[in-house]
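Asks: I'd like to ask some things about the structure below.
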Amino acid sequence: MRSDRPPFALTLGAVGGLLFLHLPILLIFLYAFTTEEKSYQFPPPGLTTEWFAVAWNREDIWPPLWLSLRVAAMSSAMALILGTLCAAAMSRAKFFGRDSISLLIILPIALPGIITGMSLRSAFALGGIPFSTWTIVLGHATFCIVIVYNNAVARFRRLGPSLSEASADLGATAFQTFRHVILPNLGTALLAGGMLAFALSFDEVIVTTFTAGQQKTLPIWMLDELVRPRQRPVTNVVAIVVVVATFLPILGAYLLTERGTETAGGGK
């Protein structure tokens with residue numbers, strides 16, 4: 001009789017892989033409750049929730065948090081517009097060199113972040129552009145656009161041209177076709193892409209380091225706290241906030257696209 005249970009060795013390997021991936025994250029959660037302020041002891045000498053109140057009252061945390069939220073929202077909005085337009089052009093038009101241009105569109109997400117950051121910093125310097133929130137947004141948009149593009153182009157290919165042609169045959173204008181036919185069918189793909197882009201922008205470090213100047217997003221603040229620790233458990237509390245803020249959009253994007261052909265899970 002054939003059993004549907006996987007071999008024990010395969011199960012053991014899967015459990016080992018999951019522990020390797022997620023045990024460090026669980027340790028961050030654990031040390032957010034430790035009573036020890038300066039060092040990590042295992043097991044922790046005691047557990048407390050006081051660090052959550054301390055983190056709430058730390059005034060130096062809130063400006064980086066709001067900056068990260070603004071940058072993520074603006075980057076996602078820019079990516080939704082430009083990524084959707086790129087996807088529409090690539091999926092609807094046929095021209096010489098289309099595959100090469102498509103490769104150039106997705107190339108930024110394949111490049112190391114340090115290369116993207118260095119190139120953007122050089123471009124801003126040559127253009128005389130001072131560092132600001134917008135320079136961070138432009139840096140994050142380089143990979144956020146790719147996330148939205150991947151989702152939108154997959155949905156465009158799934159739809160095919162027949163719906164647009166049928167709408168035109170029935171007398172609809174191009175705007176009416178987009179508003180009543182294409183956009184409703186693109187909705188979940190765009191929402192998933194935007195949510196995933198928001199999550200990736202919110203916790204981006206490398207590109208931000210090169211484009212932020214003296215500004216601090218929340219991940220940059222966390223990095224500084226790890227280098228020059230003031231209250232280690234507070235950093236772990238903030239890390240929990242970052243995990244939740246990134247996990248929820250990624251989970252939402254996965255649930256929106258798990259039964260389709262979109263590529264929301266193919267992020268950076």
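Order determines the names: the first chain of the structure tokens is A, the second B, and so forth; residues in each chain are numbered 1 upward, and ligands are numbered 1 upward as they are shown.
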Please provide as a list in words all residues within 7 Å of segment 221-234 of chain A, with the sequence filter that same-chain residues fewer than 4 positions apart are discarded (counting only C-alpha atoms).
Replies: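 The filter keeps Tyr31, Ala32, Thr34, Glu37, Lys38, Trp51, Ala55, Pro64, Lys216, Thr217 and Val238 of chain A.
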Asks: Go ahead and write the residues just picked, N, CA and C atoms, as an mmCIF file, in the first residue's frame.
Replies:
```cif
data_model
loop_
_atom_site.group_PDB
_atom_site.id
_atom_site.type_symbol
_atom_site.label_atom_id
_atom_site.label_comp_id
_atom_site.auth_asym_id
_atom_site.auth_seq_id
_atom_site.Cartn_x
_atom_site.Cartn_y
_atom_site.Cartn_z
ATOM 1 N N TYR A 31 14.543 38.169 22.730
ATOM 2 C CA TYR A 31 15.360 39.170 23.411
ATOM 3 C C TYR A 31 14.698 40.548 23.473
ATOM 4 N N ALA A 32 13.532 40.689 22.875
ATOM 5 C CA ALA A 32 12.748 41.908 23.102
ATOM 6 C C ALA A 32 12.116 41.907 24.481
ATOM 7 N N THR A 34 13.794 40.418 27.256
ATOM 8 C CA THR A 34 14.800 40.136 28.270
ATOM 9 C C THR A 34 14.937 41.299 29.255
ATOM 10 N N GLU A 37 19.897 44.597 29.768
ATOM 11 C CA GLU A 37 19.883 45.758 28.880
ATOM 12 C C GLU A 37 21.057 45.793 27.916
ATOM 13 N N LYS A 38 22.236 45.355 28.329
ATOM 14 C CA LYS A 38 23.440 45.582 27.536
ATOM 15 C C LYS A 38 23.941 44.367 26.780
ATOM 16 N N TRP A 51 10.224 46.986 27.887
ATOM 17 C CA TRP A 51 10.926 47.597 26.750
ATOM 18 C C TRP A 51 9.965 48.106 25.692
ATOM 19 N N ALA A 55 10.311 51.776 24.299
ATOM 20 C CA ALA A 55 10.385 52.071 22.859
ATOM 21 C C ALA A 55 9.312 53.074 22.456
ATOM 22 N N PRO A 64 12.250 58.509 12.244
ATOM 23 C CA PRO A 64 12.610 57.493 11.251
ATOM 24 C C PRO A 64 11.445 56.614 10.818
ATOM 25 N N LYS A 216 17.468 59.577 8.339
ATOM 26 C CA LYS A 216 17.448 58.218 8.860
ATOM 27 C C LYS A 216 16.070 57.602 8.688
ATOM 28 N N THR A 217 16.008 56.530 7.919
ATOM 29 C CA THR A 217 14.808 55.708 7.933
ATOM 30 C C THR A 217 14.894 54.749 9.112
ATOM 31 N N VAL A 238 11.750 47.274 18.122
ATOM 32 C CA VAL A 238 11.549 47.927 16.824
ATOM 33 C C VAL A 238 11.648 46.905 15.697
#
```
Asks: Within 8 Å of segment 143-147 of chain A, counting only C-alpha atoms, which residues show up once you throw out same-chain ones fewer than 3 positions away? Write them as a PyMOL selection string, please.
Replies: chain A and resi 75-76+78-80+82-83+105-106+108-109+139-140+150-151+193-194+196-198+200-201+264+266-268
Asks: Where in segment 60-138 of chain A does DSSP assign alpha helix (DSSP H), given as a ChimeraX atom specification?
Replies: /A:62-92,98-110,113-126,133-138
Asks: If you count only C-alpha atoms, which residues fall within 9 Å of Thr211 of chain A, apart from same-chain ones fewer than 4 positions away, as a VMD selection string?
Replies: chain A and resid 117 to 118 120 to 121 124 131 to 133 135 to 139 207
Asks: Just the selected residues (N, CA and C atoms), exported as a PDB file, in the first residue's frame, please.
Replies:
```
ATOM      1  N   GLY A 117      22.884  51.741  -5.435  1.00  0.00           N
ATOM      2  CA  GLY A 117      23.095  52.896  -4.572  1.00  0.00           C
ATOM      3  C   GLY A 117      24.225  53.781  -5.044  1.00  0.00           C
ATOM      4  N   MET A 118      25.351  53.178  -5.446  1.00  0.00           N
ATOM      5  CA  MET A 118      26.497  53.961  -5.931  1.00  0.00           C
ATOM      6  C   MET A 118      26.142  54.727  -7.196  1.00  0.00           C
ATOM      7  N   LEU A 120      23.153  55.710  -8.247  1.00  0.00           N
ATOM      8  CA  LEU A 120      22.215  56.787  -7.955  1.00  0.00           C
ATOM      9  C   LEU A 120      22.908  57.953  -7.263  1.00  0.00           C
ATOM     10  N   ARG A 121      23.810  57.652  -6.346  1.00  0.00           N
ATOM     11  CA  ARG A 121      24.537  58.718  -5.646  1.00  0.00           C
ATOM     12  C   ARG A 121      25.377  59.527  -6.628  1.00  0.00           C
ATOM     13  N   PHE A 124      22.985  61.728  -8.706  1.00  0.00           N
ATOM     14  CA  PHE A 124      22.511  62.885  -7.945  1.00  0.00           C
ATOM     15  C   PHE A 124      23.607  63.938  -7.808  1.00  0.00           C
ATOM     16  N   PHE A 131      20.339  65.710  -1.303  1.00  0.00           N
ATOM     17  CA  PHE A 131      19.664  64.567  -0.695  1.00  0.00           C
ATOM     18  C   PHE A 131      18.404  65.030   0.033  1.00  0.00           C
ATOM     19  N   SER A 132      17.335  64.262  -0.165  1.00  0.00           N
ATOM     20  CA  SER A 132      16.053  64.582   0.455  1.00  0.00           C
ATOM     21  C   SER A 132      15.215  63.317   0.474  1.00  0.00           C
ATOM     22  N   THR A 133      13.976  63.469   0.913  1.00  0.00           N
ATOM     23  CA  THR A 133      13.060  62.328   0.888  1.00  0.00           C
ATOM     24  C   THR A 133      12.880  61.812  -0.530  1.00  0.00           C
ATOM     25  N   THR A 135      15.052  61.759  -3.000  1.00  0.00           N
ATOM     26  CA  THR A 135      16.165  60.932  -3.482  1.00  0.00           C
ATOM     27  C   THR A 135      16.029  59.506  -2.957  1.00  0.00           C
ATOM     28  N   ILE A 136      15.530  59.354  -1.733  1.00  0.00           N
ATOM     29  CA  ILE A 136      15.292  58.005  -1.211  1.00  0.00           C
ATOM     30  C   ILE A 136      14.174  57.330  -2.010  1.00  0.00           C
ATOM     31  N   VAL A 137      13.116  58.092  -2.291  1.00  0.00           N
ATOM     32  CA  VAL A 137      11.989  57.543  -3.041  1.00  0.00           C
ATOM     33  C   VAL A 137      12.441  57.074  -4.426  1.00  0.00           C
ATOM     34  N   LEU A 138      13.231  57.888  -5.101  1.00  0.00           N
ATOM     35  CA  LEU A 138      13.725  57.504  -6.430  1.00  0.00           C
ATOM     36  C   LEU A 138      14.577  56.241  -6.358  1.00  0.00           C
ATOM     37  N   GLY A 139      15.388  56.137  -5.311  1.00  0.00           N
ATOM     38  CA  GLY A 139      16.206  54.943  -5.147  1.00  0.00           C
ATOM     39  C   GLY A 139      15.362  53.704  -4.940  1.00  0.00           C
ATOM     40  N   VAL A 207      20.385  50.602  -0.486  1.00  0.00           N
ATOM     41  CA  VAL A 207      20.135  51.730  -1.388  1.00  0.00           C
ATOM     42  C   VAL A 207      19.871  52.998  -0.580  1.00  0.00           C
TER      43      VAL A 207
END
```
Asks: Could you tell me how far atom CA of Trp134 of chain A sits from atom CA of Ala253 of chain A, in Å to one decimal place?
Replies: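 Taking atom CA of Ala253 of chain A and atom CA of Trp134 of chain A, their separation equals 25.8 Å.
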